[in-house]
Every structure is written in C-alpha cells, then in structure tokens.
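Asks: Encoded as structure tokens, here's the structure I'll be asking about.
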Amino acid sequence: MAGVAVSTTINGDNVEYLCQPDETLLDVLRDRLGLTGAKEGCGTGDCGACSIILDDRLVCSCLVLGAEAEGRRVETVEGMAHGDRLHPLQQKFLEHAALQCGVCTPGFLIAAKDLLAKNPDPTEEEIRFGLAGNLCRCTGYDKIVRAVQDAASVMKGA
Amino acid sequence: MNFDPRYSTRNFTSVGTRPIRPDGVDKVTGRARYGADFNMAGQLVGRVLRSPHAHAVIRKIDTSKAEKLTGVKAVITAADLPDLTDGDAAMYDILDNCMARKTAFYDGHAVAAVAAVDARTARQALKLIEVDYEVLPHVTDVDEAMKHSAPVLNDTIFTEGLEEKPAKPSNVTKRSQYGHGDVHEGFAQADYIVERSYRTEQTHQGYIEPHACVASVSSDGTADLWVCTQGHFVYRQHCAQLLGMDVSKLRVTSSEIGGGFGGKTHVWAEPVALALSRKAGRPVKLVMTREEVFRASGPTSATSIDVRIGARKDGTIAAAEATLRYSCGPYAGMWAELGAMTAFACYKLENVKTVGYEVLVNRPKTAAYRAPSAPMAAFAVESAVDELAKEVGMDPVEFRIRNAAQEGTRSSYGPVYGPIGIGPTLEAAKNHPHMKAPLGKNQGRGMACGFWFNFGGQTCTDLNIGMDGSVSLAVGTVDVGGSRASLSLVAAEELGIAYEQVKAVVADTSSLGYNDMTDGSRGTFSSSMATISAARNAIKILRERAAQTWDIPVDDVVWEKGHAIAKGDKYGNLAALSLKEIAAASGKTGGPIAGHSELVADGAGVSFATHICDIEVDPETGATRVVRYTVVQDAGKAVHPTYVEGQYQGGAAQGIGWALNEEYIYGKDGRLQNPGFLDYRIPVCSDLPMIDTQILEIPNPNHPYGVRGVGETSIVPPLAAIANAVSNAAGVRMTHIPMSPPRILAAIEAEQAG
C-alpha cells in the first residue's frame, strides 16, 4: 500500500511524515514520530488515554487517521510545558497527587486543558462531566477534580 | 549488623509529609516510558491468535501459509514452547495458559503467535493460520460447573481436601475449611438467625495500560525483556523456567506500569514474545489489545456464597458459617480458600466455620485482583451482618462494635491478632459526621467492614551515597502508585537528610537481588523496611569513616540529624561531620559508602477498614447514584499521607464499579459479549462524588515505623457497604452483584408483587 504524505503542525512545529491510509494518528504519533505521551488504552475511543487537541477540538487520536492531520494543528501532552516551566494543570496534578500509575494522565491533562479553554470557571459537576470521557482506574478521580479546580483558579488569576 | 524490625515510637521529620513524587514530572510531560513506549532496533511486531471457542480440542494447526507470507519472520505454537516444567503443576498451568497445548479452555485462549515486520502483516498472517478445532461442551457458570452433569474440563482433577478421594473427576479442584468451635452448638444458642445466598459476577482489574513487552533473545542464550509488570524478578523466574534459560542470563527491566491491581502478577504474553524472538532472531514487541486484555487476562472469580449467622438477644454472635464457591477459570487456584479465610476475619467468634470450593469453568484463568477473593466474601457476610443487626434490633455499627475482633482474638482463619484497627475504624465511623448527615428522598445509607492479611516477602535494596552526598536508592519492588516517594521519605528520615537529596529508582533484575513482586500491599511495607535496614548499614559505615577521620573509637560516634557527632565532653572541640562532608572525603577514607539490605519482611500487620456510603435509587428505573462515600482505614503509619488517601479512594472507586456496573457477560456460546470499555463500564468521573478519607494510625509492632500495607483493604468493604445502602434505599435486600439497574428494578418489582 502506498504511503500518504502528510504535512501538519504538531505542538507548533511543522512536521511531515508518510503514513499508511489505514494508520491512526495515534500510531503515527507514537510509532513514527516518537511522541509516546498519548497512550493506547483501548483503541476504540472509550478510555481517552490518547486524547489530543486537533484544531481546538478534543479528540481521541485512535479514532483519527494519520492522513486526516494534513494541514491541521495537533496539540499533545508533549507541548503543554514551556521549556522547563510546567503548565498550571501539570503543576497542580503533581501537587495534588492526581496521578498514581500515571498512564491516563496525559489524556486527562489534554482533556482538562480543553475544558478550561472553553470554560475557565467550571463547577465540580462541569469538571466531572467534562472529564467523563477519560478513564482513570487508580485515583477514584477525587484528586484529579481537585487539581483541575486548583489549576482553574490559578489560571484565572494569571 | 542484625536488623531489628520492631516498632519504637519516634518523632518523624520526613515521614508523614507530602512532597511531590520523584517520577512526577516525567508522568505529566509524557516522558515516562510504559510497556508500549519502548522500542529496540530491528524490532518485529508480535500478534497472538486466540481461540473463538469456549472449549475445544485443538486437532491440528497448519501455519504453513502464514509462514510463507512476505514479512513474517516467525510463527509459533505450543510446539515451540516445549514443556520444561518438570512436574511443577502450577508452572504447567501457566505454560498452558500462555499457549494452549491440546485444548483451548476459553474464548480468547492463545493457540498460536506470529512475529512480522509490521502490525498489518502480522494481522494478515494470523488469518492464514488454520486451526482444526473439535468443539466440546462448555460451562461458564460457577454453580453449573459443580453439577454432576457439567462437562468436566480436566479429567485428571479429583477434588482435594475430602476425607476420601472421589471416584470420579470433577470441576471442583479443592475443598478447604477454616474455623474453630462448634457451629451446631452455637446456632442452638442463637435467638436470631439470618441465612442467605449471594452471587457476585466476574470483574476485571481494568488497568488502563494493556499488557506490553519487548523481548530480545540472542543466539548466545542471553536475553532482555522490557515489560510492564508488578514483579520483574518473578517474571524473570517464570520466563526463564518456561524457556529453559539460566535465570541470570535473562535481564528483565520493569517499565513504568499503567495499573496492575494484581493483574500484572502473572506472565501471559512474555514467554510468547521471548519464544517469537528466539525463533525470529530479532527483538519482538508484543502489546495486547483491550479486547485481548478482557478475553485473555486478569479476571477475578465469579462467586456463589451461602452465609448463616446467628446472634443472641444481647447482640453477640453465637455462630457463623459460610460456604463459598469461586470460579478459577480452567486451572486450579486458591481463590475460594482466600474467601474462606477472610470472610469472618473482622469478628470475635466462638463458633465459626467456612468451607471453600475451587471451581473450574471455561473462562480466563482467574488472577489476583486487589485483596483477591475478600470483597465477595465480605459482601456476603457484611450483608448478612446488617440484616442480623436489624433482627436483633441494634444499630449496624453498634452491632459490629459489639462483635469486633480485638488484640488477642483468635481470628476465624487461625492466628491470634496483635494490635488491630477494626474497633477503632468502627468507632471513627460511628463518630463521623457522615453518619449523622440527613438523607434525601430515595436515598439509603450503608456501611461495612473489610479485612486483608497484607504480605511482606523477600526484599533486596541498595542505598548508595554519592560523593556529593546525594543518595541513590535502588529498590526491587515495582512502584505502582507513588512508592518511590514513600521510600525516598523513609531513606531521608533514617539518614536525617532532606527528601530532595534522595533519588529512588526501581532497579532491573541484573542490578539487584531477588524481590518478590509488588502484591499483598507489600511495596511500601517491605521496601521501607529494607530501606531502613540499608540506611542503618550505611550509617554504620558513615560513623566508621568519621571515627577514622577523628581517630577516635567508632563507639564514641553517634548519628544524629544527618551528622556524625563525637559523643562525650572530651570531644568538645570536634565539629560534627555532615553526610555530605563524609561522602566528599570517602575516596580517601576507604572508598564508596553504601548500605545494602537483603531480608524477608515478616510481620506485615493485618489491615482493617470501615466504609460508609449513601446511595440514591431511582425506583422507576433502578438507576443508582453514589451521593456520599467515606473511607476509614488503619495505615499503621502513613508514610506519604496523600498517596495513602489515593489508595483508599482508588480501592473504593473500584469497589463501587464492581458493586454497581461491572460484570463479564457470556453468551450461550461461551463467548465473552463485552470485551471493551464501552460495554464493560468502569466508573467515570461523573459517576462518583468526592471520596472522603480518614487515616487511622495503629502502629504495626513488626515495622520500625509502624507501617502497614494500605493498598488492598479499600476494595473489600464497598460491595457490601453499597449493597446495604441500596437495600436500605430500595426497601429490598440485594443479593446479586453487580446491582445494575435491571437487577435492582427486578428486585423492587418482585418485592412489590409480594
């Protein structure tokens, strides 16, 4: 099968790659570009561990084809920090111990970033429903919700 | 120096604080490497072919077409994993589970595997493998499997634990019995008796990271394995035995682990990946899909349990008995036995008897799941205890306090308890504001207790002091949720230095002596004990170096707050030497300074918890909502309280999922109907409230800091606590887990129909 040439923007950088027509964007990120922050927990869009932002829209990268990234903007967890300065969500996840095993964390951070971009002052219920597409099996979500609440208040003050 | 593990009171400096974990930044930036995040040059993609049948003889496997496909580098079947288990029945079962030998025992049982240049080629190759199956009758239900009419999975199994060997083989591999006193006499004294039967369905640990590994076998007989596991030393042992390798020639590196909960304590794909790599002569990466995770790894037992408890008018339990039937999958296990041991462990009982039956079914091999077997037994017992309290006319908390085990009580499974936390957790629950909060319409409150043994085990730890005075701590227990932070705190505490001066890593199997896996809530308990021991050994050397520098007897040197201090008035002019100063001079005083520790961490203190929850039930649909949830648990000593809270909350959330939603659903054809997160629904963020926690600290006398394991007990009470709450809300006793809306609705309608 002939490869598809794709030109896209990932975390602000211009990136070009060849991928197979049936290859997911998640596989491209992980296997071709070495961006392994997004994880495959299910491959069916049910767990959110592969969450990325595609042109300001939160998507499961396992449900997007690599070829579909042509001409678009992709944001992954690797692009959240500025140099050695963590994004407030990353910092608050650390301070609140909002991760145990941490495998769902990149997906949660991206989903929470998208949530706060659209709703900078969410209620607890809005956070819970906003993050309902991301599965965490370790924490019971308590500390994740608190970290997002704390990050939201820090970001509002910034 | 002989290590004294006994507890003594002390004022802690580092232990009990809440610093950021050392592996945290990597995990929030996407840099942390999990099982599937590692690659080797020239690596192939491995894929496994699985049985579509619940029970079938494998007559023949023809791999010739797959082998001819361009890009396929190896195809293996059971013939490529010859039986080297030498009569070790448990290892044989592991081997057979990795790759079916003569019979496929469940939907999803591995029958062949390929390694190819890419995933697409590997998938195509699987389609070209022809397997000739003779489909056999199957049984997936635990009660059905015990009937005489059930198809027998293994005709070499004759029930163990009976007075006489049975005449015929059956699916019951073992009967076990625990207890003391005379239950017949006890029930004769009882004024009230509750007798009920309960069922729980099979659940999966549901870790978000599927099993993943990269195996590389060289032609010289050495090999490397990168893998997500709870115990890389155990994986090394098992893989080496199954592949006929020297243990020391297989280096296993544990990746970051994306959840395990007991499910990553057994090898599945790893021997297959090694066999593929050996045959192909190249590294092989093998990652399970989520469907494979559900169909072929993990699950806990499905159970059927009968409970009978009798009480006197004064509220004391006169007698208690239970019969517990646990599914094991196709291989023998000790799951019902663990249920039989834990069922009544919370109570002080004169007359108690439990009997467990291990039952083979055509389902995946049962694996440990967080306090394995205890939640189902607690569900049955704590549901009956609640009903009995009502019969007696006592508050359910008061009734439990009246009957709670104490220090000196002989437990229902044998040992006599030391200082324990069941009474204190009940008292704390009784006094918790949650207990007095008003309930809304259609809401019910429930509470329940739980017990887990905890485990210690073999542990080996190295503590190396750098020339700059920073400390490398190499542990062999996999960090499943923050233990590197806890162990760094312990090293800092013992050495008297700052937490930031310590860097803890999980060492690979070639860098450290054997460690049992991170199970039985042993990670922080056992490795902290080994860390304390290693630190004390290092302190001895630090004192010697200071003594040498000062040219005084080492007995005159003490270690305080990170400094060697010359003790006594005659040394008044000697300034204390810091760890950093001693380390800087180490090249001239005898070389590197390190402390090592190899020990068996005996004395894991038993653990108890009490949970309270409020559940709202919609009487029209049977839908439930968790309104409020509180966990009270004894930690012995909480080393990093935030991560202790996390264990309490996580266990509660898993228990909530188990109680209300999660179950394996099999069709009549014996195939799993819901092998994905869409249809096997674990709790999401919007399903849960905040989960309140209260940490009690009743020191474990067998640990220098009083630490007990905290990881597992939190999943034991939720099934029962929620069942009691739902029963109170709906006005009908729920006896079947999960309490999904259709089950609750059916129970309400049956009650209304009278």
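Naming scheme: A, B, ... for chains in displayed order of the structure tokens; residues 1 onward per chain; ligands 1 onward as shown.
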Should the cut-off be 6 Å, what would the residue list for chain A against chain B look like, counting only C-alpha atoms, as an MDAnalysis selection string?

Replies: chainID A and resid 36:37 41:42 46 78 90 100:103 128:129 132 135 138:142

Asks: What does the file look like for those residues with N, CA and C atoms, as a short mmCIF file (atom, residue, chain, number, x, y, z; two decimals), in the first residue's frame?

Replies:
```cif
data_model
loop_
_atom_site.label_atom_id
_atom_site.label_comp_id
_atom_site.auth_asym_id
_atom_site.auth_seq_id
_atom_site.Cartn_x
_atom_site.Cartn_y
_atom_site.Cartn_z
N THR A 36 5.32 9.51 22.45
CA THR A 36 4.60 8.40 23.12
C THR A 36 3.81 8.88 24.34
N GLY A 37 3.65 10.20 24.49
CA GLY A 37 2.83 10.69 25.60
C GLY A 37 1.40 10.22 25.50
N GLY A 41 -5.12 2.93 25.29
CA GLY A 41 -5.71 2.12 26.36
C GLY A 41 -6.77 1.18 25.83
N CYS A 42 -7.37 1.56 24.68
CA CYS A 42 -8.46 0.72 24.16
C CYS A 42 -8.48 0.66 22.64
N ASP A 46 -12.88 4.76 23.88
CA ASP A 46 -13.64 4.63 25.13
C ASP A 46 -12.87 5.11 26.36
N GLU A 78 3.08 16.56 25.08
CA GLU A 78 4.48 16.99 24.99
C GLU A 78 4.60 18.49 24.75
N GLN A 90 -0.34 20.76 34.84
CA GLN A 90 0.71 19.77 35.15
C GLN A 90 1.19 19.95 36.58
N GLN A 100 -1.63 8.22 40.03
CA GLN A 100 -0.94 7.12 40.72
C GLN A 100 -0.06 6.41 39.70
N CYS A 101 -0.68 5.61 38.81
CA CYS A 101 0.17 4.96 37.80
C CYS A 101 0.58 5.95 36.72
N GLY A 102 -0.29 6.91 36.44
CA GLY A 102 0.07 7.99 35.52
C GLY A 102 -0.19 7.71 34.05
N VAL A 103 -0.70 6.55 33.70
CA VAL A 103 -0.84 6.25 32.27
C VAL A 103 -2.00 7.01 31.65
N ARG A 128 -16.54 17.17 36.27
CA ARG A 128 -16.78 15.72 36.24
C ARG A 128 -17.35 15.27 34.90
N PHE A 129 -18.28 16.05 34.35
CA PHE A 129 -18.83 15.66 33.05
C PHE A 129 -17.86 15.98 31.92
N ALA A 132 -15.49 13.10 31.70
CA ALA A 132 -16.10 11.77 31.75
C ALA A 132 -15.67 10.87 30.59
N LEU A 135 -10.84 7.65 31.27
CA LEU A 135 -10.89 6.67 32.35
C LEU A 135 -9.63 6.73 33.20
N CYS A 138 -7.04 4.28 38.94
CA CYS A 138 -6.29 4.32 40.21
C CYS A 138 -6.88 5.25 41.25
N THR A 139 -7.31 6.43 40.85
CA THR A 139 -7.49 7.51 41.84
C THR A 139 -8.90 7.68 42.37
N GLY A 140 -9.90 7.15 41.67
CA GLY A 140 -11.28 7.47 42.05
C GLY A 140 -11.64 8.91 41.70
N TYR A 141 -10.78 9.58 40.93
CA TYR A 141 -11.00 10.92 40.34
C TYR A 141 -10.96 12.07 41.35
N ASP A 142 -11.06 11.78 42.64
CA ASP A 142 -11.15 12.85 43.65
C ASP A 142 -10.03 13.87 43.48
#
```

Asks: For region 333-348 of chain B, work out the shell of residues within 7 Å, counting only C-alpha atoms and skipping chain neighbours fewer than 3 positions away, then give it as a PyMOL selection string.

Replies: chain B and resi 176+178+324-326+328+354-358+373-374+377-378+381+403-405+409+411-413+422+450-451

Asks: Next, dump the selected residues to file, keeping only N, CA and C atoms, as an mmCIF file, in the first residue's frame.

Replies:
```
data_model
loop_
_atom_site.group_PDB
_atom_site.id
_atom_site.type_symbol
_atom_site.label_atom_id
_atom_site.label_comp_id
_atom_site.auth_asym_id
_atom_site.auth_seq_id
_atom_site.Cartn_x
_atom_site.Cartn_y
_atom_site.Cartn_z
ATOM 1 N N SER B 176 -11.574 -26.498 50.954
ATOM 2 C CA SER B 176 -10.784 -26.054 52.105
ATOM 3 C C SER B 176 -11.732 -25.663 53.228
ATOM 4 N N TYR B 178 -11.973 -23.668 57.223
ATOM 5 C CA TYR B 178 -11.378 -22.879 58.315
ATOM 6 C C TYR B 178 -12.403 -22.715 59.427
ATOM 7 N N LEU B 324 -18.427 -21.151 50.318
ATOM 8 C CA LEU B 324 -18.015 -20.221 49.263
ATOM 9 C C LEU B 324 -17.533 -20.990 48.041
ATOM 10 N N ARG B 325 -18.138 -20.681 46.871
ATOM 11 C CA ARG B 325 -17.748 -21.324 45.614
ATOM 12 C C ARG B 325 -17.187 -20.247 44.695
ATOM 13 N N TYR B 326 -15.935 -20.396 44.291
ATOM 14 C CA TYR B 326 -15.258 -19.374 43.479
ATOM 15 C C TYR B 326 -14.794 -20.001 42.165
ATOM 16 N N CYS B 328 -12.343 -20.419 39.044
ATOM 17 C CA CYS B 328 -10.884 -20.288 38.898
ATOM 18 C C CYS B 328 -10.468 -20.131 37.444
ATOM 19 N N THR B 354 -15.964 -22.031 57.860
ATOM 20 C CA THR B 354 -16.108 -21.651 56.457
ATOM 21 C C THR B 354 -15.547 -22.772 55.585
ATOM 22 N N VAL B 355 -16.231 -23.010 54.478
ATOM 23 C CA VAL B 355 -15.805 -24.042 53.536
ATOM 24 C C VAL B 355 -15.717 -23.421 52.151
ATOM 25 N N GLY B 356 -14.590 -23.622 51.485
ATOM 26 C CA GLY B 356 -14.406 -23.073 50.151
ATOM 27 C C GLY B 356 -14.273 -24.170 49.101
ATOM 28 N N TYR B 357 -14.854 -23.917 47.923
ATOM 29 C CA TYR B 357 -14.724 -24.844 46.792
ATOM 30 C C TYR B 357 -14.128 -24.097 45.590
ATOM 31 N N GLU B 358 -13.023 -24.621 45.073
ATOM 32 C CA GLU B 358 -12.380 -24.039 43.883
ATOM 33 C C GLU B 358 -12.999 -24.716 42.658
ATOM 34 N N SER B 373 -10.303 -12.168 46.411
ATOM 35 C CA SER B 373 -11.337 -13.021 46.997
ATOM 36 C C SER B 373 -12.022 -12.422 48.212
ATOM 37 N N ALA B 374 -11.433 -11.435 48.847
ATOM 38 C CA ALA B 374 -12.027 -10.885 50.062
ATOM 39 C C ALA B 374 -13.293 -10.050 49.818
ATOM 40 N N ALA B 377 -16.489 -12.278 49.641
ATOM 41 C CA ALA B 377 -16.830 -12.865 50.934
ATOM 42 C C ALA B 377 -17.373 -11.799 51.877
ATOM 43 N N ALA B 378 -16.742 -10.610 51.850
ATOM 44 C CA ALA B 378 -17.210 -9.518 52.712
ATOM 45 C C ALA B 378 -18.605 -9.065 52.298
ATOM 46 N N VAL B 381 -20.987 -11.710 53.841
ATOM 47 C CA VAL B 381 -21.017 -11.688 55.307
ATOM 48 C C VAL B 381 -21.550 -10.360 55.841
ATOM 49 N N ASN B 403 -19.211 -7.000 68.342
ATOM 50 C CA ASN B 403 -18.626 -8.288 67.926
ATOM 51 C C ASN B 403 -17.235 -8.174 67.289
ATOM 52 N N ALA B 404 -16.681 -6.960 67.298
ATOM 53 C CA ALA B 404 -15.411 -6.754 66.580
ATOM 54 C C ALA B 404 -14.264 -7.528 67.223
ATOM 55 N N ALA B 405 -13.379 -8.044 66.386
ATOM 56 C CA ALA B 405 -12.160 -8.700 66.876
ATOM 57 C C ALA B 405 -11.284 -7.659 67.578
ATOM 58 N N THR B 409 -7.705 -11.689 70.063
ATOM 59 C CA THR B 409 -8.759 -12.533 69.494
ATOM 60 C C THR B 409 -8.139 -13.569 68.561
ATOM 61 N N SER B 411 -8.380 -15.294 65.310
ATOM 62 C CA SER B 411 -9.095 -14.995 64.076
ATOM 63 C C SER B 411 -9.774 -16.242 63.533
ATOM 64 N N SER B 412 -10.757 -16.011 62.678
ATOM 65 C CA SER B 412 -11.509 -17.130 62.102
ATOM 66 C C SER B 412 -10.634 -17.983 61.189
ATOM 67 N N TYR B 413 -9.484 -17.452 60.753
ATOM 68 C CA TYR B 413 -8.598 -18.246 59.887
ATOM 69 C C TYR B 413 -7.391 -18.780 60.642
ATOM 70 N N ILE B 422 -9.776 -2.820 63.653
ATOM 71 C CA ILE B 422 -11.200 -2.936 63.332
ATOM 72 C C ILE B 422 -12.054 -2.125 64.300
ATOM 73 N N GLY B 450 -14.047 -4.347 56.310
ATOM 74 C CA GLY B 450 -13.236 -5.217 55.461
ATOM 75 C C GLY B 450 -11.894 -5.513 56.103
ATOM 76 N N PHE B 451 -11.338 -6.633 55.693
ATOM 77 C CA PHE B 451 -10.067 -7.112 56.237
ATOM 78 C C PHE B 451 -9.166 -7.563 55.095
#
```

Asks: Mind giving me the straight-line distance from CA of Pro106 (chain A) to CA of Leu25 (chain A) in Å, one decimal?

Replies: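 Computed distance, CA of Pro106 (chain A) to CA of Leu25 (chain A), equals 15.8 Å.
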
Asks: For each of B:Val732, B:Leu81, B:Ala54, B:Ala367, take the minimum atom-to-atom distance to Ala750 (chain B), counting only C-alpha atoms, then give the residue where this is smallest.

Replies: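 Nearest candidate to Ala750 (chain B) out of B:Val732, B:Leu81, B:Ala54, B:Ala367: B:Val732.
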
Asks: Please identify the strand (DSSP E) residues within region 415-558 of chain B (assignment by DSSP from backbone atoms) and present them as a short mmCIF file (atom, residue, chain, number, x, y, z; two decimals) with C-alpha atoms, in the first residue's frame.

Replies:
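The resulting states-v5.cif:
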```cif
data_model
loop_
_atom_site.label_atom_id
_atom_site.label_comp_id
_atom_site.auth_asym_id
_atom_site.auth_seq_id
_atom_site.Cartn_x
_atom_site.Cartn_y
_atom_site.Cartn_z
CA GLN B 443 -31.56 7.57 49.49
CA GLY B 444 -30.17 4.89 51.76
CA ARG B 445 -27.09 4.67 53.94
CA GLY B 446 -24.94 1.59 54.23
CA MET B 447 -21.74 0.66 55.97
CA ALA B 448 -19.49 -2.36 56.02
CA CYS B 449 -16.10 -3.55 57.26
CA GLY B 450 -13.24 -5.22 55.46
CA PHE B 451 -10.07 -7.11 56.24
CA TRP B 452 -6.90 -8.02 54.38
CA GLN B 458 11.61 -11.26 50.05
CA THR B 459 13.12 -7.85 49.57
CA CYS B 460 16.51 -6.55 48.49
CA THR B 461 17.52 -2.89 48.46
CA ASP B 462 20.71 -0.89 47.79
CA LEU B 463 21.44 2.56 49.10
CA ASN B 464 24.45 4.28 47.53
CA ILE B 465 25.83 7.58 48.74
CA VAL B 471 21.68 9.28 47.81
CA SER B 472 20.63 6.73 45.18
CA LEU B 473 18.10 4.26 46.45
CA ALA B 474 17.66 1.19 44.26
CA VAL B 475 14.60 -0.87 45.12
CA VAL B 502 17.38 11.09 47.77
CA LYS B 503 16.62 9.65 44.34
CA ALA B 504 14.80 6.34 44.27
CA VAL B 505 14.74 4.08 41.23
CA VAL B 506 13.33 0.63 40.52
CA VAL B 557 30.41 8.35 67.28
CA VAL B 558 26.63 8.73 67.01
#
```

Asks: Please return, as number ranges by chain, all residues of region 462-711 of chain B that DSSP assigns to helix (DSSP H, G or I) on the basis of the backbone.

Replies: B: 483-495, 499-501, 523-550, 554-556, 569-571, 579-584, 586-589, 641-660, 685-687

Asks: Output C-alpha atoms for every residue in that selection, as a PDB file, in the first residue's frame.

Replies:
```pdb
ATOM      1  CA  SER B 483       6.212   4.202  46.418  1.00  0.00           C
ATOM      2  CA  ARG B 484       9.382   5.870  45.155  1.00  0.00           C
ATOM      3  CA  ALA B 485       8.197   8.985  47.011  1.00  0.00           C
ATOM      4  CA  SER B 486       7.434   6.993  50.171  1.00  0.00           C
ATOM      5  CA  LEU B 487      10.744   5.153  50.100  1.00  0.00           C
ATOM      6  CA  SER B 488      12.687   8.365  49.497  1.00  0.00           C
ATOM      7  CA  LEU B 489      10.960   9.799  52.566  1.00  0.00           C
ATOM      8  CA  VAL B 490      12.000   6.770  54.586  1.00  0.00           C
ATOM      9  CA  ALA B 491      15.630   6.994  53.436  1.00  0.00           C
ATOM     10  CA  ALA B 492      15.659  10.719  54.237  1.00  0.00           C
ATOM     11  CA  GLU B 493      14.120  10.045  57.642  1.00  0.00           C
ATOM     12  CA  GLU B 494      16.611   7.394  58.614  1.00  0.00           C
ATOM     13  CA  LEU B 495      19.682   9.253  57.313  1.00  0.00           C
ATOM     14  CA  TYR B 499      13.872  14.294  50.849  1.00  0.00           C
ATOM     15  CA  GLU B 500      15.262  16.100  47.803  1.00  0.00           C
ATOM     16  CA  GLN B 501      18.703  14.603  48.499  1.00  0.00           C
ATOM     17  CA  GLY B 523       5.565  -2.419  48.232  1.00  0.00           C
ATOM     18  CA  THR B 524       5.993   0.319  50.809  1.00  0.00           C
ATOM     19  CA  PHE B 525       5.845  -2.004  53.834  1.00  0.00           C
ATOM     20  CA  SER B 526       8.634  -4.348  52.766  1.00  0.00           C
ATOM     21  CA  SER B 527      10.836  -1.970  50.802  1.00  0.00           C
ATOM     22  CA  SER B 528      10.672   0.647  53.548  1.00  0.00           C
ATOM     23  CA  MET B 529      11.845  -1.990  55.997  1.00  0.00           C
ATOM     24  CA  ALA B 530      14.712  -2.890  53.654  1.00  0.00           C
ATOM     25  CA  THR B 531      15.453   0.810  53.094  1.00  0.00           C
ATOM     26  CA  ILE B 532      15.669   1.426  56.851  1.00  0.00           C
ATOM     27  CA  SER B 533      17.951  -1.585  57.175  1.00  0.00           C
ATOM     28  CA  ALA B 534      20.140  -0.432  54.265  1.00  0.00           C
ATOM     29  CA  ALA B 535      20.300   3.100  55.669  1.00  0.00           C
ATOM     30  CA  ARG B 536      21.336   1.801  59.087  1.00  0.00           C
ATOM     31  CA  ASN B 537      24.088  -0.220  57.433  1.00  0.00           C
ATOM     32  CA  ALA B 538      25.253   2.902  55.588  1.00  0.00           C
ATOM     33  CA  ILE B 539      25.138   4.912  58.825  1.00  0.00           C
ATOM     34  CA  LYS B 540      27.426   2.345  60.433  1.00  0.00           C
ATOM     35  CA  ILE B 541      29.990   2.997  57.679  1.00  0.00           C
ATOM     36  CA  LEU B 542      29.491   6.757  57.923  1.00  0.00           C
ATOM     37  CA  ARG B 543      30.213   6.565  61.656  1.00  0.00           C
ATOM     38  CA  GLU B 544      33.319   4.454  60.986  1.00  0.00           C
ATOM     39  CA  ARG B 545      34.616   6.983  58.475  1.00  0.00           C
ATOM     40  CA  ALA B 546      34.034   9.828  60.909  1.00  0.00           C
ATOM     41  CA  ALA B 547      35.764   7.862  63.671  1.00  0.00           C
ATOM     42  CA  GLN B 548      38.671   7.227  61.333  1.00  0.00           C
ATOM     43  CA  THR B 549      38.869  10.905  60.402  1.00  0.00           C
ATOM     44  CA  TRP B 550      38.851  11.919  64.055  1.00  0.00           C
ATOM     45  CA  VAL B 554      33.619   4.236  66.481  1.00  0.00           C
ATOM     46  CA  ASP B 555      31.522   3.537  69.570  1.00  0.00           C
ATOM     47  CA  ASP B 556      32.031   7.173  70.506  1.00  0.00           C
ATOM     48  CA  ASP B 569      32.914  16.019  76.730  1.00  0.00           C
ATOM     49  CA  LYS B 570      36.421  15.025  75.753  1.00  0.00           C
ATOM     50  CA  TYR B 571      35.499  15.593  72.083  1.00  0.00           C
ATOM     51  CA  LEU B 579      26.860  13.204  55.495  1.00  0.00           C
ATOM     52  CA  LYS B 580      27.969  15.444  52.637  1.00  0.00           C
ATOM     53  CA  GLU B 581      31.399  16.067  54.212  1.00  0.00           C
ATOM     54  CA  ILE B 582      31.963  12.398  54.938  1.00  0.00           C
ATOM     55  CA  ALA B 583      30.881  11.477  51.398  1.00  0.00           C
ATOM     56  CA  ALA B 584      33.214  14.070  49.861  1.00  0.00           C
ATOM     57  CA  SER B 586      35.153   8.940  51.040  1.00  0.00           C
ATOM     58  CA  GLY B 587      37.776   8.391  48.320  1.00  0.00           C
ATOM     59  CA  LYS B 588      40.484   8.905  50.959  1.00  0.00           C
ATOM     60  CA  THR B 589      38.787   7.097  53.834  1.00  0.00           C
ATOM     61  CA  PRO B 641      -0.484  10.526  53.517  1.00  0.00           C
ATOM     62  CA  THR B 642      -1.612  11.866  50.136  1.00  0.00           C
ATOM     63  CA  TYR B 643      -0.767   8.587  48.425  1.00  0.00           C
ATOM     64  CA  VAL B 644      -2.361   6.650  51.282  1.00  0.00           C
ATOM     65  CA  GLU B 645      -5.552   8.637  50.676  1.00  0.00           C
ATOM     66  CA  GLY B 646      -5.168   7.830  46.985  1.00  0.00           C
ATOM     67  CA  GLN B 647      -5.106   4.111  47.756  1.00  0.00           C
ATOM     68  CA  TYR B 648      -8.232   4.454  49.891  1.00  0.00           C
ATOM     69  CA  GLN B 649     -10.059   6.416  47.203  1.00  0.00           C
ATOM     70  CA  GLY B 650      -8.959   4.195  44.329  1.00  0.00           C
ATOM     71  CA  GLY B 651      -9.966   0.984  46.061  1.00  0.00           C
ATOM     72  CA  ALA B 652     -13.333   2.471  46.945  1.00  0.00           C
ATOM     73  CA  ALA B 653     -13.904   3.536  43.334  1.00  0.00           C
ATOM     74  CA  GLN B 654     -13.057   0.074  42.024  1.00  0.00           C
ATOM     75  CA  GLY B 655     -15.415  -1.418  44.586  1.00  0.00           C
ATOM     76  CA  ILE B 656     -18.160   0.987  43.515  1.00  0.00           C
ATOM     77  CA  GLY B 657     -17.752  -0.140  39.902  1.00  0.00           C
ATOM     78  CA  TRP B 658     -17.849  -3.781  40.958  1.00  0.00           C
ATOM     79  CA  ALA B 659     -20.922  -3.224  43.119  1.00  0.00           C
ATOM     80  CA  LEU B 660     -22.975  -1.295  40.588  1.00  0.00           C
ATOM     81  CA  CYS B 685     -15.566  10.920  36.718  1.00  0.00           C
ATOM     82  CA  SER B 686     -19.239  11.889  36.544  1.00  0.00           C
ATOM     83  CA  ASP B 687     -20.318   8.659  38.260  1.00  0.00           C
TER      84      ASP B 687
END
```

Asks: Leaving out Leu286 (chain B) and any residue of its chain fewer than 6 positions from it, which residues lie within 9 Å of it when counting only C-alpha atoms, given as a list of chain:residue names?

Replies: B:Ala36, B:Leu44, B:Val45, B:Gly46, B:Arg47, B:Val48, B:Ala115, B:His211, B:Ala212, B:Cys213, B:Val214, B:Ala215, B:Ala269, B:Glu270, B:Val272, B:Ala273

Asks: I need the residue nearest Lys143 (chain A) from this list: A:Arg57, A:Cys62, A:Phe93, A:Pro120. Use only C-alpha atoms for the distance.

Replies: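 Of all the options, A:Phe93 lies closest to Lys143 (chain A).
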
Asks: Quick one: residues within 9 Å of Glu23 (chain A), only C-alpha atoms counted, chain neighbours fewer than 5 positions away excluded, as a ChimeraX atom specification?

Replies: /A:28,64-67

Asks: I need the chosen residues saved as a short mmCIF file (atom, residue, chain, number, x, y, z; two decimals), in the first residue's frame, with C-alpha atoms.

Replies:
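Listing of result_31.cif after writing:
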```cif
data_model
loop_
_atom_site.label_atom_id
_atom_site.label_comp_id
_atom_site.auth_asym_id
_atom_site.auth_seq_id
_atom_site.Cartn_x
_atom_site.Cartn_y
_atom_site.Cartn_z
CA VAL A 28 1.73 7.92 13.71
CA VAL A 64 -8.43 9.86 13.72
CA LEU A 65 -6.42 8.73 10.71
CA GLY A 66 -2.88 9.96 10.37
CA ALA A 67 -3.79 11.23 6.92
#
```

Asks: What is the distance, in Å and to one decimal place, between CA of Tyr92 (chain B) and CA of Ala78 (chain B)?

Replies: 12.1 Å

Asks: Separation of CA of Ala623 (chain B) and CA of Met739 (chain B), in Å?

Replies: 9.2 Å
